[in-house]
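Listing of start-v2.csv, CSV, C-alpha atoms
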```csv
chain,number,residue,atom,x,y,z
F,1,MET,CA,1.4,-37.8,-224.6
F,2,GLY,CA,0.7,-34.2,-225.4
F,3,SER,CA,-1.3,-33.1,-228.4
F,4,LEU,CA,0.5,-32.3,-231.7
F,5,PRO,CA,1.0,-28.6,-232.5
F,6,HIS,CA,-1.9,-27.1,-234.4
F,7,VAL,CA,-2.2,-24.0,-236.6
F,8,VAL,CA,-3.3,-20.9,-234.6
F,9,GLU,CA,-2.7,-18.3,-237.4
F,10,ASP,CA,-2.8,-18.9,-241.2
F,11,CYS,CA,-2.0,-16.2,-243.7
F,12,PHE,CA,-3.2,-17.4,-247.2
F,13,GLY,CA,-1.5,-20.8,-246.6
F,14,LEU,CA,1.8,-19.0,-247.1
F,15,LEU,CA,2.6,-18.4,-243.5
F,16,LYS,CA,1.5,-20.5,-240.6
F,17,LEU,CA,2.0,-20.0,-236.9
F,18,TYR,CA,1.6,-23.1,-234.7
F,19,SER,CA,0.5,-23.6,-231.1
F,20,ASP,CA,4.1,-24.4,-230.0
F,21,GLY,CA,5.4,-21.2,-231.5
F,22,SER,CA,6.9,-22.9,-234.6
F,23,ILE,CA,6.5,-21.2,-238.0
F,24,SER,CA,6.3,-22.5,-241.5
F,25,ARG,CA,6.6,-20.5,-244.7
F,26,ASN,CA,5.9,-21.3,-248.3
F,27,PRO,CA,8.9,-20.1,-250.3
F,28,GLU,CA,6.7,-19.3,-253.3
F,29,VAL,CA,6.5,-15.5,-253.9
F,30,PRO,CA,2.8,-14.6,-253.5
F,31,CYS,CA,2.8,-12.3,-256.5
F,32,PRO,CA,2.1,-13.4,-260.1
F,33,THR,CA,3.1,-10.0,-261.5
F,34,PRO,CA,5.7,-10.2,-264.3
F,35,LEU,CA,9.0,-8.6,-263.4
F,36,LEU,CA,9.6,-5.4,-265.4
F,37,ASP,CA,13.2,-5.3,-266.7
F,38,ASP,CA,13.7,-2.8,-269.4
F,39,ASP,CA,16.5,-0.4,-270.5
F,40,SER,CA,15.2,2.6,-268.6
F,41,VAL,CA,16.6,1.7,-265.2
F,42,LEU,CA,19.7,0.0,-263.9
F,43,TYR,CA,19.5,-1.8,-260.6
F,44,LYS,CA,21.7,-3.9,-258.3
F,45,ASP,CA,21.6,-5.5,-254.9
F,46,LEU,CA,23.8,-4.7,-251.9
F,47,LEU,CA,24.3,-6.0,-248.4
F,48,PHE,CA,23.7,-3.2,-245.9
F,49,ASP,CA,23.8,-5.1,-242.6
F,50,ALA,CA,25.9,-8.2,-242.4
F,51,ASN,CA,24.8,-9.1,-238.9
F,52,ARG,CA,21.2,-9.4,-239.9
F,53,ASN,CA,21.9,-10.4,-243.5
F,54,LEU,CA,19.8,-7.5,-244.8
F,55,HIS,CA,20.0,-6.4,-248.4
F,56,LEU,CA,18.8,-3.5,-250.4
F,57,ARG,CA,18.3,-2.8,-254.1
F,58,LEU,CA,19.6,0.4,-255.8
F,59,TYR,CA,17.9,1.8,-258.9
F,60,LYS,CA,19.1,4.6,-261.1
F,61,PRO,CA,18.0,6.0,-264.4
F,62,SER,CA,20.1,4.4,-267.2
F,63,SER,CA,20.3,7.9,-268.8
F,64,SER,CA,21.9,9.5,-265.7
F,65,THR,CA,25.5,10.7,-266.0
F,66,SER,CA,28.3,11.3,-263.5
F,67,LEU,CA,27.7,15.0,-263.9
F,68,GLU,CA,24.2,14.7,-262.4
F,69,LYS,CA,23.6,15.0,-258.6
F,70,LEU,CA,20.6,12.7,-258.2
F,71,PRO,CA,18.4,13.1,-255.1
F,72,ILE,CA,17.6,9.9,-253.2
F,73,LEU,CA,14.3,8.2,-252.5
F,74,PHE,CA,14.0,5.4,-250.0
F,75,TYR,CA,11.2,3.0,-250.7
F,76,PHE,CA,9.9,0.8,-247.9
F,77,HIS,CA,7.6,-2.0,-249.1
F,78,GLY,CA,4.3,-3.3,-247.7
F,79,GLY,CA,3.3,-6.8,-246.6
F,80,GLY,CA,1.9,-6.3,-243.2
F,81,PHE,CA,5.4,-6.7,-241.7
F,82,CYS,CA,5.1,-10.5,-242.4
F,83,PHE,CA,5.7,-10.6,-246.2
F,84,GLY,CA,7.8,-8.8,-248.7
F,85,SER,CA,11.2,-8.2,-250.2
F,86,ARG,CA,12.9,-6.0,-252.7
F,87,THR,CA,12.7,-8.9,-255.1
F,88,PHE,CA,8.9,-9.2,-255.2
F,89,PRO,CA,7.9,-8.2,-258.7
F,90,HIS,CA,5.2,-5.6,-257.8
F,91,PHE,CA,7.6,-3.8,-255.4
F,92,HIS,CA,10.4,-4.0,-258.0
F,93,ASN,CA,8.1,-2.6,-260.8
F,94,LEU,CA,7.0,0.3,-258.6
F,95,CYS,CA,10.6,1.2,-257.9
F,96,VAL,CA,11.4,1.2,-261.6
F,97,ARG,CA,8.4,3.5,-262.1
F,98,LEU,CA,9.5,5.8,-259.2
F,99,THR,CA,13.1,6.0,-260.6
F,100,THR,CA,12.1,7.1,-264.0
F,101,ALA,CA,9.2,9.4,-262.8
F,102,PHE,CA,11.4,11.4,-260.4
F,103,ASN,CA,14.8,10.9,-261.9
F,104,MET,CA,16.2,9.8,-258.5
F,105,LEU,CA,18.3,7.1,-257.1
F,106,VAL,CA,15.9,4.8,-255.4
F,107,VAL,CA,16.9,2.7,-252.4
F,108,ALA,CA,14.7,-0.3,-251.6
F,109,PRO,CA,15.8,-2.0,-248.3
F,110,ASP,CA,14.5,-5.3,-247.0
F,111,HIS,CA,13.7,-5.7,-243.3
F,112,ARG,CA,13.3,-8.7,-241.0
F,113,LEU,CA,9.8,-10.3,-241.1
F,114,ALA,CA,7.4,-11.1,-238.4
F,115,PRO,CA,6.4,-13.3,-236.7
F,116,GLU,CA,10.0,-14.6,-236.6
F,117,HIS,CA,11.1,-11.0,-235.8
F,118,ARG,CA,8.2,-9.1,-234.3
F,119,LEU,CA,8.1,-5.3,-234.2
F,120,PRO,CA,10.1,-3.1,-233.6
F,121,ALA,CA,12.5,-5.3,-235.7
F,122,ALA,CA,11.2,-3.8,-239.0
F,123,SER,CA,11.4,-0.3,-237.7
F,124,ASP,CA,14.9,-0.8,-236.4
F,125,ASP,CA,16.0,-2.2,-239.8
F,126,ALA,CA,14.5,0.8,-241.6
F,127,CYS,CA,16.6,3.0,-239.4
F,128,LEU,CA,19.7,0.9,-240.1
F,129,ALA,CA,19.2,1.3,-243.9
F,130,LEU,CA,19.3,5.1,-243.5
F,131,LYS,CA,22.3,4.8,-241.2
F,132,TRP,CA,24.0,2.8,-244.0
F,133,LEU,CA,23.5,5.7,-246.3
F,134,GLN,CA,24.9,8.0,-243.7
F,135,GLY,CA,28.0,5.8,-243.6
F,136,GLN,CA,28.3,6.0,-247.3
F,137,ALA,CA,28.0,9.8,-247.2
F,138,ALA,CA,30.6,10.1,-244.5
F,139,MET,CA,33.1,8.3,-246.6
F,140,HIS,CA,32.2,10.1,-249.8
F,141,GLY,CA,35.2,11.7,-251.5
F,142,LYS,CA,37.8,9.9,-249.3
F,143,ASN,CA,38.6,7.2,-251.9
F,144,VAL,CA,37.4,4.5,-249.6
F,145,GLU,CA,36.7,1.2,-251.3
F,146,ASP,CA,33.6,0.6,-249.3
F,147,VAL,CA,31.8,3.5,-250.9
F,148,ASP,CA,29.5,2.2,-253.7
F,149,THR,CA,30.2,3.8,-257.0
F,150,TRP,CA,26.5,4.5,-257.7
F,151,LEU,CA,26.6,6.9,-254.7
F,152,THR,CA,29.3,9.1,-256.1
F,153,GLY,CA,26.9,11.3,-258.0
F,154,VAL,CA,24.0,11.7,-255.6
F,155,ASP,CA,22.7,14.5,-253.4
F,156,PHE,CA,22.8,13.4,-249.8
F,157,ASP,CA,21.2,16.7,-248.8
F,158,ARG,CA,18.0,15.8,-250.7
F,159,VAL,CA,16.6,12.5,-249.4
F,160,PHE,CA,13.0,11.5,-249.3
F,161,VAL,CA,11.3,8.5,-247.8
F,162,LEU,CA,8.3,6.8,-249.3
F,163,GLY,CA,6.5,3.9,-247.5
F,164,ASP,CA,3.6,1.9,-248.7
F,165,SER,CA,1.1,0.2,-246.3
F,166,SER,CA,3.3,-1.3,-243.5
F,167,GLY,CA,6.2,0.6,-245.1
F,168,GLY,CA,4.2,3.8,-244.5
F,169,ASN,CA,4.0,2.8,-240.9
F,170,LEU,CA,7.8,2.5,-240.9
F,171,ALA,CA,8.1,5.9,-242.6
F,172,HIS,CA,6.0,7.5,-239.9
F,173,HIS,CA,8.2,6.1,-237.1
F,174,LEU,CA,11.3,7.2,-239.0
F,175,ALA,CA,9.9,10.8,-239.2
F,176,VAL,CA,9.3,10.8,-235.4
F,177,LYS,CA,12.6,9.3,-234.5
F,178,LEU,CA,14.7,11.5,-236.8
F,179,LYS,CA,12.7,14.6,-236.3
F,180,ALA,CA,12.9,17.7,-238.5
F,181,GLY,CA,16.2,18.1,-240.1
F,182,SER,CA,17.3,14.5,-239.4
F,183,MET,CA,20.4,15.9,-237.6
F,184,GLU,CA,21.5,12.5,-236.3
F,185,LEU,CA,21.9,11.4,-240.0
F,186,ALA,CA,24.2,14.3,-241.0
F,187,PRO,CA,25.5,14.8,-243.7
F,188,VAL,CA,22.4,13.0,-244.9
F,189,ARG,CA,19.3,15.2,-244.8
F,190,VAL,CA,15.7,13.8,-245.1
F,191,ARG,CA,13.5,16.4,-246.6
F,192,GLY,CA,10.1,14.8,-246.4
F,193,TYR,CA,8.0,11.6,-246.0
F,194,VAL,CA,5.4,10.1,-248.3
F,195,LEU,CA,3.0,7.7,-246.6
F,196,VAL,CA,0.9,5.7,-249.1
F,197,ALA,CA,-2.0,4.0,-247.2
F,198,PRO,CA,0.1,3.6,-244.0
F,199,PHE,CA,-0.8,0.5,-242.0
F,200,PHE,CA,-2.1,1.8,-238.7
F,201,GLY,CA,-4.6,0.4,-236.3
F,202,GLY,CA,-6.3,0.9,-233.0
F,203,SER,CA,-8.7,-0.7,-230.5
F,204,VAL,CA,-11.4,1.8,-231.3
F,205,ARG,CA,-12.7,1.2,-234.8
F,206,THR,CA,-13.3,4.1,-237.2
F,207,LYS,CA,-16.4,4.7,-239.2
F,208,SER,CA,-14.9,3.3,-242.4
F,209,GLU,CA,-13.6,0.2,-240.6
F,210,LEU,CA,-17.1,-0.5,-239.2
F,211,GLU,CA,-19.1,0.4,-242.3
F,212,ARG,CA,-16.7,-1.0,-244.9
F,213,PRO,CA,-14.8,-3.9,-243.3
F,214,CYS,CA,-14.2,-5.6,-246.7
F,215,GLU,CA,-12.5,-4.5,-249.9
F,216,ALA,CA,-12.3,-6.6,-253.1
F,217,PHE,CA,-9.4,-8.5,-251.5
F,218,TRP,CA,-8.5,-7.1,-248.1
F,219,ASN,CA,-10.7,-7.2,-245.0
F,220,LEU,CA,-10.5,-6.1,-241.4
F,221,GLU,CA,-10.0,-9.6,-240.1
F,222,MET,CA,-6.9,-9.9,-242.3
F,223,TYR,CA,-5.5,-6.7,-240.9
F,224,ASP,CA,-6.1,-7.9,-237.4
F,225,ARG,CA,-4.3,-11.2,-238.2
F,226,PHE,CA,-1.3,-9.3,-239.5
F,227,TRP,CA,-1.2,-7.3,-236.3
F,228,ARG,CA,-1.4,-10.4,-234.1
F,229,LEU,CA,1.5,-11.8,-236.0
F,230,SER,CA,3.7,-8.7,-236.0
F,231,ILE,CA,3.3,-6.9,-232.7
F,232,PRO,CA,5.1,-7.9,-229.5
F,233,VAL,CA,3.4,-10.9,-227.7
F,234,GLY,CA,0.9,-9.6,-225.2
F,235,SER,CA,0.5,-6.2,-226.8
F,236,THR,CA,-2.7,-4.7,-228.2
F,237,LEU,CA,-3.9,-2.6,-231.2
F,238,ASP,CA,-3.1,0.5,-229.1
F,239,ASP,CA,0.6,-0.3,-229.0
F,240,PRO,CA,2.5,2.8,-230.2
F,241,LEU,CA,3.9,0.8,-233.0
F,242,VAL,CA,0.3,0.3,-234.3
F,243,ASN,CA,-1.6,3.4,-233.2
F,244,PRO,CA,0.3,6.7,-233.5
F,245,PHE,CA,-2.3,8.5,-231.4
F,246,GLY,CA,-3.1,5.7,-228.9
F,247,PRO,CA,-3.3,6.2,-225.2
F,248,CYS,CA,0.3,5.0,-224.7
F,249,SER,CA,1.8,6.7,-227.8
F,250,GLN,CA,4.3,9.6,-227.7
F,251,ASN,CA,2.9,13.1,-227.5
F,252,LEU,CA,3.9,14.5,-230.9
F,253,ALA,CA,3.0,18.1,-230.0
F,254,LYS,CA,6.6,19.0,-229.2
F,255,VAL,CA,8.2,16.7,-231.8
F,256,PRO,CA,9.4,18.7,-234.8
F,257,LEU,CA,8.6,16.8,-238.0
F,258,ASP,CA,9.6,17.2,-241.6
F,259,PRO,CA,6.8,17.5,-244.1
F,260,ILE,CA,4.5,14.5,-244.6
F,261,LEU,CA,2.3,13.6,-247.5
F,262,VAL,CA,-0.5,11.0,-246.8
F,263,VAL,CA,-2.1,9.2,-249.7
F,264,VAL,CA,-5.1,6.9,-249.3
F,265,GLY,CA,-7.7,5.3,-251.6
F,266,GLY,CA,-11.2,6.7,-251.0
F,267,ASP,CA,-12.6,3.1,-250.7
F,268,GLU,CA,-10.0,1.8,-248.3
F,269,ILE,CA,-10.9,0.3,-245.0
F,270,LEU,CA,-8.3,2.5,-243.4
F,271,ARG,CA,-9.5,5.7,-245.1
F,272,ASP,CA,-11.0,7.4,-242.0
F,273,ARG,CA,-8.1,6.4,-239.7
F,274,LEU,CA,-5.6,7.9,-242.1
F,275,GLU,CA,-7.6,11.1,-242.5
F,276,ASP,CA,-7.8,11.4,-238.7
F,277,TYR,CA,-4.0,10.8,-238.5
F,278,ALA,CA,-3.4,13.7,-241.0
F,279,THR,CA,-5.9,15.9,-239.3
F,280,ARG,CA,-4.4,15.5,-235.9
F,281,LEU,CA,-0.9,16.2,-237.2
F,282,LYS,CA,-2.2,19.4,-238.8
F,283,GLN,CA,-3.9,20.4,-235.5
F,284,LEU,CA,-0.4,20.1,-233.9
F,285,GLY,CA,1.0,22.5,-236.4
F,286,LYS,CA,2.8,20.0,-238.6
F,287,LYS,CA,3.2,20.4,-242.3
F,288,VAL,CA,1.0,17.6,-243.6
F,289,GLU,CA,-0.9,17.1,-246.9
F,290,PHE,CA,-3.7,14.6,-247.2
F,291,VAL,CA,-4.6,13.2,-250.6
F,292,GLU,CA,-7.7,10.9,-251.1
F,293,VAL,CA,-7.8,9.0,-254.4
F,294,GLU,CA,-11.5,8.5,-255.2
F,295,GLY,CA,-12.8,5.0,-255.7
F,296,GLN,CA,-9.5,3.3,-255.0
F,297,GLN,CA,-8.7,0.4,-252.6
F,298,HIS,CA,-5.7,-0.8,-250.7
F,299,GLY,CA,-2.7,-1.5,-253.0
F,300,PHE,CA,-3.9,0.5,-256.0
F,301,PHE,CA,-0.6,2.3,-256.3
F,302,THR,CA,1.8,-0.6,-255.8
F,303,ASP,CA,-0.1,-3.1,-257.8
F,304,HIS,CA,-0.7,-0.8,-260.8
F,305,PRO,CA,2.2,1.7,-260.9
F,306,PHE,CA,1.7,2.6,-264.6
F,307,SER,CA,-2.0,3.2,-264.4
F,308,ASP,CA,-3.6,6.6,-265.0
F,309,VAL,CA,-4.6,6.8,-261.4
F,310,ALA,CA,-1.0,6.0,-260.2
F,311,GLU,CA,0.2,8.7,-262.6
F,312,LYS,CA,-1.9,11.3,-260.8
F,313,VAL,CA,-0.5,10.2,-257.5
F,314,ILE,CA,3.0,10.4,-258.9
F,315,GLN,CA,2.4,14.0,-259.9
F,316,ARG,CA,1.3,14.9,-256.4
F,317,ILE,CA,4.4,13.2,-255.0
F,318,ARG,CA,6.6,15.0,-257.6
F,319,ASP,CA,5.1,18.3,-256.5
F,320,PHE,CA,5.7,17.4,-252.8
F,321,ILE,CA,9.3,16.6,-253.6
F,322,LEU,CA,9.9,19.8,-255.5
F,323,ASP,CA,8.2,21.9,-252.8
F,324,ASN,CA,10.4,20.5,-250.1
F,325,SER,CA,13.8,20.2,-251.9
F,326,ASN,CA,15.2,23.5,-250.8
```
Could you express the structure from this file as structure tokens?
Amino acid sequence: MGSLPHVVEDCFGLLKLYSDGSISRNPEVPCPTPLLDDDSVLYKDLLFDANRNLHLRLYKPSSSTSLEKLPILFYFHGGGFCFGSRTFPHFHNLCVRLTTAFNMLVVAPDHRLAPEHRLPAASDDACLALKWLQGQAAMHGKNVEDVDTWLTGVDFDRVFVLGDSSGGNLAHHLAVKLKAGSMELAPVRVRGYVLVAPFFGGSVRTKSELERPCEAFWNLEMYDRFWRLSIPVGSTLDDPLVNPFGPCSQNLAKVPLDPILVVVGGDEILRDRLEDYATRLKQLGKKVEFVEVEGQQHGFFTDHPFSDVAEKVIQRIRDFILDNSN
């Protein structure tokens, strides 16, 4: 008789991978944050891919009128590709904050989660979400019942993408896939990408990863565990999905990119890796801004979107959006 399956990966007791490949999840949402639900923002959920049962959440300022032409902001949540949903309170609260701060229509899509659906599933789903918007834009003005009424007063020519942590990784890969001008999405036009502490990795450790492998909550071993659970079986930390400048990654020198803003906490494990990412893109002639927020650790923006520190980041993002809207 063979041995019983045993746990080979355990994420906080909420997600367990067993030796026979089976997976168990705790349905409890791993976030005690209260859900913000005030009168400043309206929101609703929509199905954007029936085949994969993928939903998104739309947010719009309650003060907006049909005469306004709101720009659009896509928000891709974090969670190491293994956790997360538009319904998680801290992601929802951040989207409320972004909606009011920028006076934009915010689109927060879900994606399939690893290890049930390993990368590039999440990246494919992120692209599907933008393709959904393209479909809405293509039917705009044709009195088609499938067009959502909230999209009748938006500016499809001013779309921005913001990704946090693993969502920042997705934002990078969208920028590379769609290239400058995002012609394959016409009439939708992506104007720029905001990567907040994007979740990248690599087999060669950076100085901050070696000298500061632990934060108050996160540590390098946790990051490695998320990668083991999310990358294709048999792959490594130099997989192009993990390491944008790894030995097998696409040469970005000849890939035209829309503007990118990289934000990272000064006390993050990934701080040096993300500075190197921004520096390399600049050396390739890309339009990139790098913002380091002194004394902050991973999750500072998502977990505390109404803090004074987050407000400073929002101002930098606001400037980035204004600078790249024309």
### Task
Skip Phe300 (chain F) itself and residues of its chain fewer than 5 positions away, then list as a list of chain:residue names all residues within 10 Å of it, counting only C-alpha atoms.
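Here the qualifying residues turn out to be F:Val196, F:Ala197, F:Val264, F:Gly265, F:Glu268, F:Val293, F:Gly295, F:Pro305, F:Ser307, F:Val309, F:Ala310.
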Would you export the selected residues with C-alpha atoms as a PDB file, in the coordinates of the input, please?
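Listing of result.pdb after writing:
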```
ATOM      1  CA  VAL F 196       0.900   5.700-249.100  1.00  0.00           C
ATOM      2  CA  ALA F 197      -2.000   4.000-247.200  1.00  0.00           C
ATOM      3  CA  VAL F 264      -5.100   6.900-249.300  1.00  0.00           C
ATOM      4  CA  GLY F 265      -7.700   5.300-251.600  1.00  0.00           C
ATOM      5  CA  GLU F 268     -10.000   1.800-248.300  1.00  0.00           C
ATOM      6  CA  VAL F 293      -7.800   9.000-254.400  1.00  0.00           C
ATOM      7  CA  GLY F 295     -12.800   5.000-255.700  1.00  0.00           C
ATOM      8  CA  PRO F 305       2.200   1.700-260.900  1.00  0.00           C
ATOM      9  CA  SER F 307      -2.000   3.200-264.400  1.00  0.00           C
ATOM     10  CA  VAL F 309      -4.600   6.800-261.400  1.00  0.00           C
ATOM     11  CA  ALA F 310      -1.000   6.000-260.200  1.00  0.00           C
TER      12      ALA F 310
END
```
#### Entry: 8 Å contact set for region 89-94 of chain F, only C-alpha atoms, chain neighbours under 4 positions out, as a list in words
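Using only C-alpha atoms, the neighbours found are Cys31, Pro32, Thr33, Pro34, Leu35, Leu36, His77, Ser85, Leu98, Thr302, Asp303 and Pro305 of chain F.
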### Task
Find the spatial neighbours of Asp272 (chain F), counting all atoms listed in the file, within a cut-off of 9 Å - ignore same-chain residues fewer than 6 positions away - and output them as a list in words.
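Near Asp272 (chain F), the qualifying residues are Thr206, Lys207, Ser208 and Glu209 of chain F.
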### Shell around Cys214 (chain F) at 12 Å using only C-alpha atoms, local window under 2 positions removed, as a list in words
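Skipping anything fewer than 2 positions along the chain leaves Ser208, Glu209, Leu210, Glu211, Arg212, Ala216, Phe217, Trp218, Asn219, Leu220, Glu221, Met222, Tyr223, Asp267, Glu268, Ile269, Leu270, Gln297 and His298 of chain F.
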What would the file look like if the residues just selected were written as a PDB file, keeping the file's coordinate frame with C-alpha atoms?
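Now in part_32.pdb:
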```
ATOM      1  CA  SER F 208     -14.900   3.300-242.400  1.00  0.00           C
ATOM      2  CA  GLU F 209     -13.600   0.200-240.600  1.00  0.00           C
ATOM      3  CA  LEU F 210     -17.100  -0.500-239.200  1.00  0.00           C
ATOM      4  CA  GLU F 211     -19.100   0.400-242.300  1.00  0.00           C
ATOM      5  CA  ARG F 212     -16.700  -1.000-244.900  1.00  0.00           C
ATOM      6  CA  ALA F 216     -12.300  -6.600-253.100  1.00  0.00           C
ATOM      7  CA  PHE F 217      -9.400  -8.500-251.500  1.00  0.00           C
ATOM      8  CA  TRP F 218      -8.500  -7.100-248.100  1.00  0.00           C
ATOM      9  CA  ASN F 219     -10.700  -7.200-245.000  1.00  0.00           C
ATOM     10  CA  LEU F 220     -10.500  -6.100-241.400  1.00  0.00           C
ATOM     11  CA  GLU F 221     -10.000  -9.600-240.100  1.00  0.00           C
ATOM     12  CA  MET F 222      -6.900  -9.900-242.300  1.00  0.00           C
ATOM     13  CA  TYR F 223      -5.500  -6.700-240.900  1.00  0.00           C
ATOM     14  CA  ASP F 267     -12.600   3.100-250.700  1.00  0.00           C
ATOM     15  CA  GLU F 268     -10.000   1.800-248.300  1.00  0.00           C
ATOM     16  CA  ILE F 269     -10.900   0.300-245.000  1.00  0.00           C
ATOM     17  CA  LEU F 270      -8.300   2.500-243.400  1.00  0.00           C
ATOM     18  CA  GLN F 297      -8.700   0.400-252.600  1.00  0.00           C
ATOM     19  CA  HIS F 298      -5.700  -0.800-250.700  1.00  0.00           C
TER      20      HIS F 298
END
```
#### Entry: Exercise: Asp38 (chain F) partners within 10 Å, all atoms listed in the file, chain neighbours under 4 positions left out, as a VMD selection string
chain F and resid 42 62 96
### Message
Using Å and a single decimal, report how far CA of Val159 (chain F) sits from CA of Asp45 (chain F).
### Response
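Those two atoms sit 19.5 Å apart.
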### Message
Considering all atoms listed in the file, can you say which of F:His6, F:Arg271, F:Arg205, F:Arg228 comes closest to Arg118 (chain F)?
### Response
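Ranking F:His6, F:Arg271, F:Arg205, F:Arg228 by distance to Arg118 (chain F), first place goes to F:Arg228.
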### Query
So which one's closest to Ala137 (chain F), F:Ser123, F:Lys177, F:His172, F:Val188? Using all atoms listed in the file, please.
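The answer is F:Val188, which sits nearest to Ala137 (chain F).
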### Task
Compare F:Val255, F:Val242, F:Val41, F:Leu151 by their minimum atom-to-atom distance to Phe226 (chain F), counting all atoms listed in the file, and give me the closest one.
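Looking at the shortest contact to Phe226 (chain F), the residue is F:Val242.
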### Task
Calculate how many Å separate CA of Ala108 (chain F) from CA of Arg280 (chain F), rounding to one decimal.
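Separation of CA of Ala108 (chain F) and CA of Arg280 (chain F): 29.3 Å.
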### Query
So how many Å separate CA of Gly192 (chain F) and CA of Glu68 (chain F), to one decimal?
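Distance between the two atoms: 21.3 Å.
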### Query
From the list F:Pro5, F:Gly80, F:Gly163, F:Pro247, which residue is nearest Ala175 (chain F) when using all atoms listed in the file?
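Of all the options, F:Gly163 lies closest to Ala175 (chain F).
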### Query
Between F:Arg25, F:Lys131, F:Arg86, F:Arg273, which has the minimum distance to Leu185 (chain F) (counting all atoms listed in the file)?
F:Lys131
### Query
Pick from F:Gly299, F:Gly79, F:Pro213, F:Pro187: nearest to Gly135 (chain F), with all atoms listed in the file counted?
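Residue with the minimum atom-to-atom distance to Gly135 (chain F): F:Pro187.
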